[in-house]
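Participant: Attaching a single structure in structure tokens format; questions to follow.
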Amino acid sequence: MEIGRTEFSNGNKGMPGSNDPHVVEVVRQAHEELRQLMRQRADVMKRIGTVKQTIVGLANLFGDEVLNDELLELVDRKSNGRQPGFTKACRMVLMEAGRPLGAREVCELIQQKVPPILARHKDPLASVTTVLNRLVEYGEARTLVRENGRRAWQWVSDPDDPAQGRQNLPRA
């Protein structure tokens with residue numbers, strides 16, 4: 001018998017417990033629970049995005065002074081002396097845009113708002129694209145295909161609105 005492997009009564013070699021129906025059932029249940037938790041996380045992230053966008057909209061209308069310090073920080077608008085993270089910058093740009101943006105547009109807007117953030121990246125466009133795709137995975141943004149075939153990303157303001165799903169957009 002090899003170390004780390006078990007010879008089963010049926011003659012198959014494999015990891016210990018790999019043919020045990022109890023182990024298979026525990027793994028199946030754990031897998032299902034993980035899938036359910038991932039769905040819940042996506043739903044929570046979408047809801048967080050919707051609430052953040054509502055708060056940002058109110059602050060844009062009535063001024064940041066309607067928000068306390070904690071709320072300003074939660075919606076990434078508080079100037080606390082440090083630069084916001086790269087992902088936060090991408091979120092902020094998408095959230096405030098109110099329209100779908102291409103990765104290049106997101107780069108340009110970050111360059112205008114917080115230039116030092118892009119300076120730390122060897123290939124800012126690739127980094128922005130990676131973050132935007134991650135925001136889609138989190139359920140915070142949606143990918144859209146423009147008429148010219150290029151992708152654009154849009155902040156999810158209402159995750160249950162099918163009109164915000166994939167759609168073709170005119171050339172930007």
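Within each chain, counting starts at residue 1; across the structure tokens, chains are named A, B, ... in the order shown, with ligands numbered 1 upward in that order.
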Can you tell me, as a PyMOL selection string, what residues are no more than 9 Å from stretch 93-103 of chain A when counting only C-alpha atoms, ignoring any on the same chain fewer than 3 positions away?
Facilitator: chain A and resi 49+52-53+56-57+88-90+106-110+113+125-126+128-129+132+141-144+150-157+169+172
Participant: Write out as a ChimeraX atom specification all residues of stretch 38-161 of chain A that backbone DSSP assigns to strand (DSSP E or B).
Facilitator: /A:101,141-146,151-155
Participant: Could you please determine the separation between atom CA of A:Val75 and atom CA of A:Thr54 in Å, to one decimal place?
Facilitator: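 So the two atoms, atom CA of A:Val75 and atom CA of A:Thr54, lie 10.0 Å apart.
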Participant: For a quick check of understanding, using only C-alpha atoms, which of A:Glu147, A:Tyr138, A:Val24, A:Arg120 has the smallest distance to A:Met38?
Facilitator: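 Comparing A:Glu147, A:Tyr138, A:Val24, A:Arg120 against A:Met38, the winner is A:Tyr138.
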